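my_file_11.pdb follows (PDB, C-alpha atoms and all ligand atoms):
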```pdb
MODEL        1
ATOM      1  CA  MET A 848      -5.037  37.692 -86.851
ATOM      2  CA  THR A 849      -1.654  39.462 -86.946
ATOM      3  CA  GLN A 850       0.622  38.938 -89.887
ATOM      4  CA  ASP A 851       2.945  36.866 -87.734
ATOM      5  CA  SER A 852       0.265  34.564 -86.501
ATOM      6  CA  PHE A 853      -1.096  34.310 -90.048
ATOM      7  CA  ILE A 854       2.307  33.185 -91.349
ATOM      8  CA  CYS A 855       2.505  30.833 -88.419
ATOM      9  CA  PHE A 856      -0.934  29.455 -89.296
ATOM     10  CA  ILE A 857      -0.014  28.970 -92.962
ATOM     11  CA  PHE A 858       3.210  27.294 -91.961
ATOM     12  CA  TRP A 859       1.336  25.008 -89.592
ATOM     13  CA  LYS A 860      -1.134  24.119 -92.316
ATOM     14  CA  MET A 861       1.683  23.281 -94.709
ATOM     15  CA  LEU A 862       3.468  21.237 -92.091
ATOM     16  CA  THR A 863       0.422  19.153 -91.218
ATOM     17  CA  SER A 864      -0.314  18.600 -94.872
ATOM     18  CA  VAL A 865       3.263  17.419 -95.471
ATOM     19  CA  MET A 866       2.996  15.205 -92.402
ATOM     20  CA  GLN A 867      -0.230  13.771 -93.727
ATOM     21  CA  SER A 868       1.268  12.858 -97.066
ATOM     22  CA  VAL A 869       4.334  11.390 -95.401
ATOM     23  CA  ASN A 870       2.052   9.377 -93.190
ATOM     24  CA  HIS A 871       0.020   8.314 -96.150
ATOM     25  CA  ALA A 872       3.102   7.308 -98.121
ATOM     26  CA  PHE A 873       4.464   5.309 -95.208
ATOM     27  CA  GLY A 874       1.076   3.810 -94.509
ATOM     28  CA  ASP A 875       0.883   2.649 -98.098
ATOM     29  CA  ALA A 876       4.480   1.472 -98.104
ATOM     30  CA  HIS A 877       3.702  -0.474 -94.978
ATOM     31  CA  ASP A 878       0.691  -2.112 -96.618
ATOM     32  CA  MET A 879       2.868  -3.259 -99.457
ATOM     33  CA  THR A 880       5.520  -4.623 -97.144
ATOM     34  CA  VAL A 881       2.915  -6.943 -95.691
ATOM     35  CA  PHE A 882       3.359  -8.804 -98.959
ATOM     36  CA  LEU A 883       6.906  -7.804 -99.774
ATOM     37  CA  ASP A 884       8.331  -8.301 -96.276
ATOM     38  CA  GLU A 885       9.989 -11.591 -96.848
ATOM     39  CA  PRO A 886      11.062 -10.967-100.452
ATOM     40  CA  LEU A 887      13.546  -8.431 -99.135
ATOM     41  CA  LEU A 888      15.603 -11.434 -98.111
ATOM     42  CA  VAL A 889      16.314 -12.196-101.753
ATOM     43  CA  SER A 890      17.343  -9.806-104.478
ATOM     44  CA  ASP A 891      17.000  -9.767-108.236
ATOM     45  CA  ILE A 892      20.089 -10.084-110.383
ATOM     46  CA  GLU A 893      20.821  -6.952-112.348
ATOM     47  CA  ASN A 894      18.451  -6.478-115.294
ATOM     48  CA  ALA A 895      16.663  -9.701-114.463
ATOM     49  CA  PRO A 896      14.357 -10.598-117.361
ATOM     50  CA  ASP A 897      10.703 -11.429-116.774
ATOM     51  CA  LEU A 898       9.653 -15.027-116.392
ATOM     52  CA  VAL A 899       7.683 -16.149-119.423
ATOM     53  CA  VAL A 900       5.280 -18.976-118.683
ATOM     54  CA  SER A 901       3.836 -20.699-121.714
ATOM     55  CA  LYS A 902       3.086 -24.138-120.267
ATOM     56  CA  GLY A 903       3.742 -24.166-116.522
ATOM     57  CA  ASP A 904       6.310 -26.960-116.172
ATOM     58  CA  ILE A 905       7.965 -26.958-112.724
ATOM     59  CA  PHE A 906      11.234 -28.679-111.929
ATOM     60  CA  PHE A 907      12.935 -28.773-108.543
ATOM     61  CA  SER A 908      16.379 -30.022-109.470
ATOM     62  CA  ASP A 909      18.872 -31.443-106.982
ATOM     63  CA  LEU A 910      18.107 -28.711-104.502
ATOM     64  CA  SER A 911      19.358 -28.356-100.984
ATOM     65  CA  PHE A 912      17.950 -25.873 -98.541
ATOM     66  CA  TRP A 913      18.227 -25.000 -94.875
ATOM     67  CA  TYR A 914      16.842 -22.050 -92.937
ATOM     68  CA  THR A 915      19.794 -19.883 -92.065
ATOM     69  CA  ASP A 916      17.874 -18.227 -89.229
ATOM     70  CA  ALA A 917      17.308 -21.533 -87.440
ATOM     71  CA  GLN A 918      19.224 -22.004 -84.196
ATOM     72  CA  THR A 919      20.782 -25.211 -85.426
ATOM     73  CA  PRO A 920      20.542 -25.050 -89.226
ATOM     74  CA  THR A 921      19.624 -28.495 -90.473
ATOM     75  CA  ALA A 922      18.744 -29.125 -94.088
ATOM     76  CA  VAL A 923      15.028 -29.185 -94.832
ATOM     77  CA  PHE A 924      15.848 -30.549 -98.299
ATOM     78  CA  GLU A 925      18.966 -32.362 -99.463
ATOM     79  CA  HIS A 926      19.446 -33.188-103.147
ATOM     80  CA  PHE A 927      15.707 -33.007-103.632
ATOM     81  CA  ASP A 928      14.185 -33.665-107.068
ATOM     82  CA  LEU A 929      10.588 -33.191-108.173
ATOM     83  CA  HIS A 930       9.303 -32.669-111.684
ATOM     84  CA  ILE A 931       5.747 -31.450-112.184
ATOM     85  CA  PRO A 932       4.803 -31.489-115.874
ATOM     86  CA  ALA A 933       2.718 -28.637-117.228
ATOM     87  CA  GLY A 934      -0.967 -28.907-116.416
ATOM     88  CA  GLU A 935      -0.533 -31.572-113.766
ATOM     89  CA  ARG A 936      -2.463 -31.216-110.505
ATOM     90  CA  VAL A 937      -0.347 -32.502-107.658
ATOM     91  CA  GLY A 938      -1.324 -32.986-104.047
ATOM     92  CA  ILE A 939       1.406 -32.766-101.451
ATOM     93  CA  VAL A 940       0.776 -34.474 -98.147
ATOM     94  CA  GLY A 941       2.843 -35.452 -95.138
ATOM     95  CA  ILE A 942       2.966 -34.816 -91.418
ATOM     96  CA  SER A 943       3.605 -31.353 -90.050
ATOM     97  CA  GLY A 944       7.218 -30.299 -90.442
ATOM     98  CA  SER A 945       7.893 -32.503 -93.469
ATOM     99  CA  GLY A 946       8.664 -29.498 -95.677
ATOM    100  CA  LYS A 947       5.445 -28.877 -97.623
ATOM    101  CA  THR A 948       5.174 -25.155 -96.932
ATOM    102  CA  THR A 949       8.893 -24.641 -97.403
ATOM    103  CA  LEU A 950       8.684 -26.228-100.853
ATOM    104  CA  THR A 951       6.029 -23.723-101.960
ATOM    105  CA  ARG A 952       7.966 -20.824-100.458
ATOM    106  CA  LEU A 953      11.004 -21.888-102.455
ATOM    107  CA  LEU A 954       8.968 -21.989-105.662
ATOM    108  CA  LEU A 955       7.709 -18.459-104.976
ATOM    109  CA  ARG A 956      11.268 -17.528-104.103
ATOM    110  CA  LEU A 957      10.319 -16.068-100.763
ATOM    111  CA  VAL A 958      13.640 -17.553 -99.692
ATOM    112  CA  ASP A 959      16.620 -18.643-101.751
ATOM    113  CA  ILE A 960      17.906 -22.185-101.966
ATOM    114  CA  GLN A 961      21.550 -22.854-101.176
ATOM    115  CA  GLU A 962      22.187 -25.524-103.814
ATOM    116  CA  GLY A 963      20.503 -26.806-106.943
ATOM    117  CA  ASN A 964      17.934 -25.113-109.145
ATOM    118  CA  ILE A 965      14.249 -24.514-109.562
ATOM    119  CA  TYR A 966      13.004 -24.104-113.115
ATOM    120  CA  VAL A 967       9.667 -22.892-114.407
ATOM    121  CA  ASP A 968       9.310 -23.660-118.111
ATOM    122  CA  GLY A 969      13.072 -24.103-118.234
ATOM    123  CA  GLN A 970      13.874 -20.714-116.726
ATOM    124  CA  GLU A 971      15.770 -20.644-113.468
ATOM    125  CA  ILE A 972      13.614 -18.732-111.006
ATOM    126  CA  SER A 973      16.566 -17.047-109.296
ATOM    127  CA  LYS A 974      17.505 -15.427-112.629
ATOM    128  CA  VAL A 975      14.150 -13.819-113.439
ATOM    129  CA  SER A 976      12.481 -10.829-111.820
ATOM    130  CA  GLN A 977      10.625 -11.687-108.624
ATOM    131  CA  VAL A 978       7.651  -9.591-109.609
ATOM    132  CA  SER A 979       7.171 -11.565-112.828
ATOM    133  CA  LEU A 980       7.547 -14.865-110.964
ATOM    134  CA  ARG A 981       4.878 -13.984-108.426
ATOM    135  CA  ARG A 982       2.528 -12.654-111.053
ATOM    136  CA  GLN A 983       2.451 -16.101-112.692
ATOM    137  CA  ILE A 984       1.706 -17.999-109.516
ATOM    138  CA  ALA A 985      -1.605 -17.595-107.730
ATOM    139  CA  TYR A 986      -0.734 -18.410-104.144
ATOM    140  CA  VAL A 987      -3.040 -19.065-101.235
ATOM    141  CA  PRO A 988      -0.724 -19.298 -98.231
ATOM    142  CA  GLN A 989      -1.394 -21.304 -95.100
ATOM    143  CA  GLU A 990      -2.204 -18.148 -93.145
ATOM    144  CA  PRO A 991      -3.151 -15.429 -95.608
ATOM    145  CA  LEU A 992      -2.567 -11.814 -94.656
ATOM    146  CA  LEU A 993      -4.864  -9.163 -96.002
ATOM    147  CA  PHE A 994      -3.765  -5.693 -97.017
ATOM    148  CA  HIS A 995      -5.051  -2.674 -95.176
ATOM    149  CA  ARG A 996      -7.473  -2.033 -98.046
ATOM    150  CA  THR A 997     -11.054  -2.777 -98.923
ATOM    151  CA  ILE A 998     -12.257  -6.324 -99.448
ATOM    152  CA  SER A 999     -12.712  -5.458-103.143
ATOM    153  CA  GLU A1000      -9.120  -4.338-103.472
ATOM    154  CA  ASN A1001      -7.905  -7.379-101.591
ATOM    155  CA  ILE A1002      -9.716  -9.655-104.025
ATOM    156  CA  SER A1003      -8.691  -7.765-107.159
ATOM    157  CA  TYR A1004      -5.050  -7.452-106.097
ATOM    158  CA  GLY A1005      -3.923 -10.009-108.678
ATOM    159  CA  ARG A1006      -5.981  -8.386-111.445
ATOM    160  CA  PRO A1007      -6.205  -4.637-110.721
ATOM    161  CA  GLY A1008      -8.518  -3.811-113.642
ATOM    162  CA  ALA A1009     -11.207  -6.308-112.661
ATOM    163  CA  SER A1010     -14.806  -5.117-112.752
ATOM    164  CA  PHE A1011     -17.029  -5.245-109.683
ATOM    165  CA  GLU A1012     -19.043  -8.030-111.301
ATOM    166  CA  GLU A1013     -15.874 -10.140-111.680
ATOM    167  CA  ILE A1014     -14.838  -9.435-108.094
ATOM    168  CA  ARG A1015     -18.277 -10.371-106.845
ATOM    169  CA  GLN A1016     -18.295 -13.586-108.885
ATOM    170  CA  ALA A1017     -14.903 -14.572-107.436
ATOM    171  CA  ALA A1018     -16.358 -13.998-103.959
ATOM    172  CA  VAL A1019     -19.355 -16.175-104.837
ATOM    173  CA  ASP A1020     -17.076 -18.973-106.075
ATOM    174  CA  ALA A1021     -14.984 -18.743-102.920
ATOM    175  CA  ASN A1022     -18.150 -18.984-100.824
ATOM    176  CA  ALA A1023     -17.306 -15.597 -99.326
ATOM    177  CA  LEU A1024     -20.287 -13.529-100.454
ATOM    178  CA  ASP A1025     -22.465 -14.147 -97.403
ATOM    179  CA  PHE A1026     -19.987 -12.957 -94.824
ATOM    180  CA  ILE A1027     -18.784 -10.035 -96.981
ATOM    181  CA  GLU A1028     -22.325  -8.739 -97.371
ATOM    182  CA  GLN A1029     -22.737  -8.820 -93.607
ATOM    183  CA  LEU A1030     -19.703  -6.603 -93.003
ATOM    184  CA  PRO A1031     -20.425  -2.944 -92.146
ATOM    185  CA  ASP A1032     -19.516  -1.636 -95.616
ATOM    186  CA  GLY A1033     -19.769  -4.864 -97.595
ATOM    187  CA  PHE A1034     -17.113  -5.020-100.317
ATOM    188  CA  GLU A1035     -15.905  -1.559 -99.287
ATOM    189  CA  THR A1036     -15.044  -2.669 -95.752
ATOM    190  CA  ILE A1037     -11.420  -1.989 -94.860
ATOM    191  CA  THR A1038      -9.536  -5.058 -93.612
ATOM    192  CA  GLY A1039      -5.998  -5.709 -92.488
ATOM    193  CA  GLU A1040      -4.313  -4.964 -89.237
ATOM    194  CA  ARG A1041      -6.016  -1.629 -88.588
ATOM    195  CA  GLY A1042      -9.294  -2.581 -90.242
ATOM    196  CA  VAL A1043     -12.043  -5.084 -89.592
ATOM    197  CA  LYS A1044     -10.633  -8.320 -88.219
ATOM    198  CA  LEU A1045     -11.640 -11.410 -90.126
ATOM    199  CA  SER A1046     -11.462 -14.979 -88.893
ATOM    200  CA  GLY A1047      -8.882 -17.382 -90.329
ATOM    201  CA  GLY A1048     -11.533 -19.067 -92.455
ATOM    202  CA  GLN A1049     -12.786 -15.734 -93.793
ATOM    203  CA  ARG A1050      -9.273 -14.635 -94.706
ATOM    204  CA  GLN A1051      -8.752 -17.926 -96.496
ATOM    205  CA  ARG A1052     -11.901 -17.351 -98.530
ATOM    206  CA  VAL A1053     -10.790 -13.841 -99.507
ATOM    207  CA  ALA A1054      -7.404 -15.294-100.516
ATOM    208  CA  ILE A1055      -9.141 -17.995-102.563
ATOM    209  CA  ALA A1056     -11.294 -15.358-104.271
ATOM    210  CA  ARG A1057      -8.083 -13.456-105.069
ATOM    211  CA  ALA A1058      -6.511 -16.595-106.541
ATOM    212  CA  ILE A1059      -9.640 -17.266-108.602
ATOM    213  CA  LEU A1060      -9.483 -13.777-110.073
ATOM    214  CA  THR A1061      -5.711 -13.722-110.595
ATOM    215  CA  ASP A1062      -5.952 -16.155-113.492
ATOM    216  CA  ALA A1063      -2.303 -17.241-113.281
ATOM    217  CA  PRO A1064      -0.969 -20.310-115.122
ATOM    218  CA  ILE A1065       0.316 -21.824-111.874
ATOM    219  CA  LEU A1066      -1.719 -22.283-108.733
ATOM    220  CA  VAL A1067      -0.339 -23.035-105.279
ATOM    221  CA  LEU A1068      -2.697 -23.760-102.399
ATOM    222  CA  ASP A1069      -1.154 -24.354 -98.989
ATOM    223  CA  GLU A1070      -3.774 -25.856 -96.714
ATOM    224  CA  ALA A1071      -6.062 -23.331 -98.325
ATOM    225  CA  THR A1072      -9.188 -24.838 -96.855
ATOM    226  CA  SER A1073      -7.824 -26.055 -93.518
ATOM    227  CA  ALA A1074      -9.517 -23.315 -91.464
ATOM    228  CA  LEU A1075     -12.894 -23.965 -93.070
ATOM    229  CA  ASP A1076     -15.611 -26.250 -91.829
ATOM    230  CA  SER A1077     -16.230 -29.202 -94.114
ATOM    231  CA  GLU A1078     -19.430 -27.662 -95.480
ATOM    232  CA  SER A1079     -17.634 -24.515 -96.698
ATOM    233  CA  GLU A1080     -14.852 -26.686 -98.015
ATOM    234  CA  GLN A1081     -17.308 -28.742-100.055
ATOM    235  CA  LEU A1082     -18.724 -25.575-101.588
ATOM    236  CA  ILE A1083     -15.299 -24.206-102.466
ATOM    237  CA  GLN A1084     -13.940 -27.494-103.787
ATOM    238  CA  GLU A1085     -15.992 -27.166-106.944
ATOM    239  CA  ALA A1086     -14.647 -23.684-107.637
ATOM    240  CA  LEU A1087     -11.122 -24.915-107.016
ATOM    241  CA  GLN A1088     -11.608 -27.867-109.352
ATOM    242  CA  ASN A1089     -12.694 -25.444-112.065
ATOM    243  CA  LEU A1090      -9.814 -23.138-111.285
ATOM    244  CA  MET A1091      -7.287 -25.963-111.646
ATOM    245  CA  LYS A1092      -8.421 -26.919-115.138
ATOM    246  CA  GLY A1093      -5.665 -26.226-117.642
ATOM    247  CA  ARG A1094      -3.226 -25.031-114.958
ATOM    248  CA  THR A1095      -0.361 -26.553-113.079
ATOM    249  CA  ALA A1096      -1.520 -26.861-109.501
ATOM    250  CA  ILE A1097       0.203 -27.720-106.255
ATOM    251  CA  VAL A1098      -2.265 -28.462-103.500
ATOM    252  CA  ILE A1099      -1.100 -29.021 -99.945
ATOM    253  CA  ALA A1100      -3.795 -30.517 -97.783
ATOM    254  CA  LEU A1101      -4.316 -32.069 -94.417
ATOM    255  CA  ARG A1102      -7.571 -33.728 -95.433
ATOM    256  CA  LEU A1103      -6.653 -36.377 -97.976
ATOM    257  CA  SER A1104     -10.140 -36.170 -99.490
ATOM    258  CA  THR A1105      -9.038 -32.773-100.851
ATOM    259  CA  VAL A1106      -6.249 -34.315-102.926
ATOM    260  CA  ALA A1107      -7.661 -37.776-103.680
ATOM    261  CA  SER A1108      -9.028 -36.754-107.074
ATOM    262  CA  LEU A1109      -5.870 -34.995-108.278
ATOM    263  CA  ASP A1110      -3.591 -36.458-110.965
ATOM    264  CA  ARG A1111      -0.844 -37.325-108.562
ATOM    265  CA  ILE A1112      -0.006 -37.299-104.863
ATOM    266  CA  VAL A1113       3.450 -36.791-103.427
ATOM    267  CA  VAL A1114       4.018 -37.885 -99.839
ATOM    268  CA  LEU A1115       6.766 -35.981 -98.065
ATOM    269  CA  LYS A1116       8.594 -37.005 -94.926
ATOM    270  CA  ASP A1117      11.578 -35.137 -93.519
ATOM    271  CA  GLY A1118      12.064 -33.359 -96.831
ATOM    272  CA  ARG A1119      12.141 -36.569 -98.836
ATOM    273  CA  ILE A1120       9.575 -38.040-101.203
ATOM    274  CA  ILE A1121       8.539 -41.361 -99.747
ATOM    275  CA  GLU A1122       5.589 -42.072-102.054
ATOM    276  CA  ASP A1123       4.537 -40.647-105.400
ATOM    277  CA  GLY A1124       1.582 -41.721-107.506
ATOM    278  CA  ALA A1125      -2.142 -41.500-108.134
ATOM    279  CA  HIS A1126      -4.551 -42.031-105.245
ATOM    280  CA  ALA A1127      -5.607 -45.527-106.349
ATOM    281  CA  ASP A1128      -1.990 -46.645-106.851
ATOM    282  CA  LEU A1129      -0.958 -45.389-103.445
ATOM    283  CA  LEU A1130      -3.911 -47.115-101.796
ATOM    284  CA  ALA A1131      -3.036 -50.364-103.555
ATOM    285  CA  LYS A1132       0.558 -50.014-102.410
ATOM    286  CA  GLY A1133      -0.580 -50.158 -98.781
ATOM    287  CA  GLY A1134       2.113 -47.789 -97.504
ATOM    288  CA  GLU A1135       2.138 -44.512 -95.603
ATOM    289  CA  TYR A1136      -0.592 -42.831 -97.681
ATOM    290  CA  ALA A1137      -2.877 -45.856 -97.484
ATOM    291  CA  GLY A1138      -2.479 -45.873 -93.706
ATOM    292  CA  LEU A1139      -3.278 -42.178 -93.445
ATOM    293  CA  TRP A1140      -6.261 -42.583 -95.721
ATOM    294  CA  ARG A1141      -7.597 -45.450 -93.641
ATOM    295  CA  ARG A1142      -7.254 -43.444 -90.434
ATOM    296  CA  GLN A1143      -8.916 -40.348 -91.905
ATOM    297  CA  THR A1144     -11.825 -42.112 -93.552
ATOM    298  CA  ASN A1145     -12.514 -44.253 -90.489
ATOM    299  CA  ARG A1146     -12.694 -41.166 -88.349
ATOM    300  CA  ALA A1147     -15.212 -39.493 -90.643
TER     301      ALA A1147
HETATM  302  N1  LIG B   1      11.108 -19.702 -90.802
HETATM  303  C1  LIG B   1      11.688 -20.846 -90.391
HETATM  304  N2  LIG B   1      12.884 -20.823 -89.748
HETATM  305  C2  LIG B   1      13.462 -21.966 -89.353
HETATM  306  N3  LIG B   1      12.965 -23.183 -89.534
HETATM  307  C3  LIG B   1      11.781 -23.283 -90.164
HETATM  308  C4  LIG B   1      11.077 -22.127 -90.618
HETATM  309  N4  LIG B   1       9.918 -22.509 -91.216
HETATM  310  C5  LIG B   1       9.902 -23.872 -91.122
HETATM  311  N5  LIG B   1      11.019 -24.333 -90.504
HETATM  312  C6  LIG B   1      11.359 -25.767 -90.289
HETATM  313  O1  LIG B   1      11.452 -26.396 -91.557
HETATM  314  C7  LIG B   1      10.871 -27.718 -91.516
HETATM  315  C8  LIG B   1       9.763 -27.812 -92.558
HETATM  316  O2  LIG B   1       8.684 -26.960 -92.172
HETATM  317  P1  LIG B   1       7.430 -26.673 -93.095
HETATM  318  O3  LIG B   1       7.907 -26.474 -94.482
HETATM  319  O4  LIG B   1       6.672 -25.576 -92.472
HETATM  320  O5  LIG B   1       6.643 -28.042 -92.992
HETATM  321  P2  LIG B   1       5.101 -28.386 -93.263
HETATM  322  O6  LIG B   1       4.506 -27.293 -94.077
HETATM  323  O7  LIG B   1       5.145 -29.700 -93.966
HETATM  324  O8  LIG B   1       4.468 -28.508 -91.906
HETATM  325  C9  LIG B   1      10.430 -27.929 -90.071
HETATM  326  O9  LIG B   1      11.449 -28.624 -89.405
HETATM  327  C10 LIG B   1      10.281 -26.525 -89.551
HETATM  328  O10 LIG B   1      10.505 -26.498 -88.162
HETATM  329 MG    MG B   2       2.832 -26.059 -93.725
ENDMDL
END
```

I'd like the structure from this file rewritten - as structure tokens, please.
Ligand SMILES: Nc1ncnc2c1ncn2[C@@H]1O[C@H](COP(=O)(O)OP(=O)(O)O)[C@@H](O)[C@H]1O
Ligand SMILES: [Mg+2]
Amino acid sequence: MTQDSFICFIFWKMLTSVMQSVNHAFGDAHDMTVFLDEPLLVSDIENAPDLVVSKGDIFFSDLSFWYTDAQTPTAVFEHFDLHIPAGERVGIVGISGSGKTTLTRLLLRLVDIQEGNIYVDGQEISKVSQVSLRRQIAYVPQEPLLFHRTISENISYGRPGASFEEIRQAAVDANALDFIEQLPDGFETITGERGVKLSGGQRQRVAIARAILTDAPILVLDEATSALDSESEQLIQEALQNLMKGRTAIVIALRLSTVASLDRIVVLKDGRIIEDGAHADLLAKGGEYAGLWRRQTNRA
């Protein structure tokens, strides 16, 4: 090798190594944006303090919201009020498009409201740091995305220091152990867009395991079990019941049997609360919820 070609070789080596780290950095950044994509729409105020949750009281106060990206922006919520006392487990039901998912996205501040306020333990969520807000809310979205990481890392995302035993137990409680153990590398299998593709129901179970491990004072489940067969749902229900103990929980569900045992059920329609009460009260009332319940239980 001549000196020139040696220098060329060294240079090439350095270049590829720089390229690799750039790639790596961008790859990682991209993984994070899977979660942080939408949050870029909102920004923290300067020196935003952390949210401090001691009880988990949630208050949607006189809020109005419309999607600004919609072709014809119409309000999803207008002067909407909902108070969820600390520790209450609330089911939210209503036909598709009534605003259930939007309500949870507003609480997580994935989008900003135009008018009114949302308070958690008396602190306005738009005035605290987004990171601290999301750390206090374990969220299982309607269609969970997984990071381009191992299953283990995906489960322990909300509690990075968790031991393997804790991760495994969360997977057991989420009824996810069987399918994880059948993956090529078990808990070390890489998932996400460039990794092993999981079904909707499997992703939901990983997201539930993550929520179980996160141990946050507030829990938000958006149709968290809708992609599961009723047998898997039955198995997970028990874990979710345990998880909800001592926490404020918002549970959106299509199957009313999922919310029937909760403290309170809120029925949404066109962004308005049309019924609000415990299962037995709503049945006795003979309104919208009672009708839905009758239709669903007859079908079963
Ligand atoms: N990203 C979005 N951009 C514009 N409109 C949206 C968006 N997401 C939902 N909507 C609209 O907001 C309303 C409430 O939707 P959503 O909160 O998803 O209801 P649900 O979860 O009860 O089915 C619907 O009219 C829906 O079309
Ligand atoms: Mg929804």

**OP:** To verify the selection step, state as a count of residues only which residues the PyMOL selection byres (((chain A and resi 909) around 6) and not hetatm) yields on this input.
**Re:** 6

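Nearest-residue note for Ile1120 of chain A: choosing from A:Val940, A:Ala1074, A:Ile1014, A:Ile1083, the minimum distance belongs to A:Val940, counting all atoms listed in the file.
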
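Going from atom CA of Tyr986 of chain A to atom CA of Ala1063 of chain A covers 9.3 Å.
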
**OP:** Spell out the residues picked by the PyMOL selection byres (((not hetatm)) within 8 of (chain B and resi 1)) here, as a ChimeraX atom specification.
**Re:** /A:913-918,920,923,940-950,1115,1117-1118

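The space separating atom CA of Asn1001 of chain A from atom CA of Ser1077 of chain A comes to 24.5 Å.
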
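Nearest-residue note for ligand MG 2 (chain B): choosing from A:Gln989, A:Gln977, A:Ser901, A:Thr921, the minimum distance belongs to A:Gln989, counting only C-alpha atoms and all ligand atoms.
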
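Of the residues under consideration (A:Ser976, A:Thr1144, A:Ser911, A:Ser1003), A:Ser1003 shows the shortest atom-to-atom contact distance to Ile1055 of chain A when counting all atoms listed in the file.
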
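In terms of minimum interatomic distance to ligand MG 2 (chain B), A:Arg952 ranks closest within A:Arg952, A:Arg996, A:Arg1102, A:His1126, counting only C-alpha atoms and all ligand atoms.
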
**OP:** Quick one: apply the PyMOL selection byres (((chain A and resi 987) around 9) and not hetatm) to the file and drop the selected residues here as a ChimeraX atom specification.
**Re:** /A:985-986,988-991,1051,1054-1055,1057-1058,1066-1071

Subject >> Contacts of Trp1140 of chain A within 9 Å, all atoms listed in the file, excl. fewer than 3 positions in-chain, as a PyMOL selection string >> reply: chain A and resi 1102-1104+1130+1135-1137+1143-1145

Would you export the selected residues with C-alpha atoms as a CSV table (one decimal), in the frame of the given file, please?
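The resulting file, out08.csv, is reproduced below:
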```
chain,number,residue,atom,x,y,z
A,1102,ARG,CA,-7.6,-33.7,-95.4
A,1103,LEU,CA,-6.7,-36.4,-98.0
A,1104,SER,CA,-10.1,-36.2,-99.5
A,1130,LEU,CA,-3.9,-47.1,-101.8
A,1135,GLU,CA,2.1,-44.5,-95.6
A,1136,TYR,CA,-0.6,-42.8,-97.7
A,1137,ALA,CA,-2.9,-45.9,-97.5
A,1143,GLN,CA,-8.9,-40.3,-91.9
A,1144,THR,CA,-11.8,-42.1,-93.6
A,1145,ASN,CA,-12.5,-44.3,-90.5
```

**OP:** Grab the atom CA of Arg1006 of chain A to atom CA of Val978 of chain A distance for me, in Å with one decimal place.
**Re:** 13.8 Å

Original post:
Of the candidates A:Ile984, A:Asp1020, A:Asp1032, A:Val899, which shows the shortest atom-to-atom distance to Asp968 of chain A, using only C-alpha atoms?
Top reply: A:Val899

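Using only C-alpha atoms, the smallest distance between any of A:Ala1009, A:Leu957, A:Ile998, A:Val1098 and Leu1030 of chain A comes from A:Ile998.
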
Once 5 Å is added on each side, what are the centre and the three edge lengths, in Å to one decimal, of the axis-aligned box enclosing the listed atoms of segment 985-996 of chain A? Present them as JSON.
```
{"center_x": -4.1, "center_y": -11.7, "center_z": -100.4, "size_x": 16.7, "size_y": 29.3, "size_z": 24.6}
```

Subject >> Shell of 10 Å around Gln1088 of chain A, only C-alpha atoms, local chain residues under 5 positions omitted, as number ranges by chain >> reply: A: 936, 1083, 1108-1109

**OP:** For Leu1024 of chain A, please output as a PyMOL selection string all residues within 12 Å (counting only C-alpha atoms; exclusion window: fewer than 6 positions along the same chain).
**Re:** chain A and resi 998-999+1002+1014-1018+1030+1033-1034+1049+1052-1053+1056+1079+1083

Subject >> Contacts of Ala1107 of chain A at 9 Å (all atoms listed in the file; same-chain gap of 4+ positions) as a ChimeraX atom specification >> reply: /A:938,1103,1111-1112,1125-1127
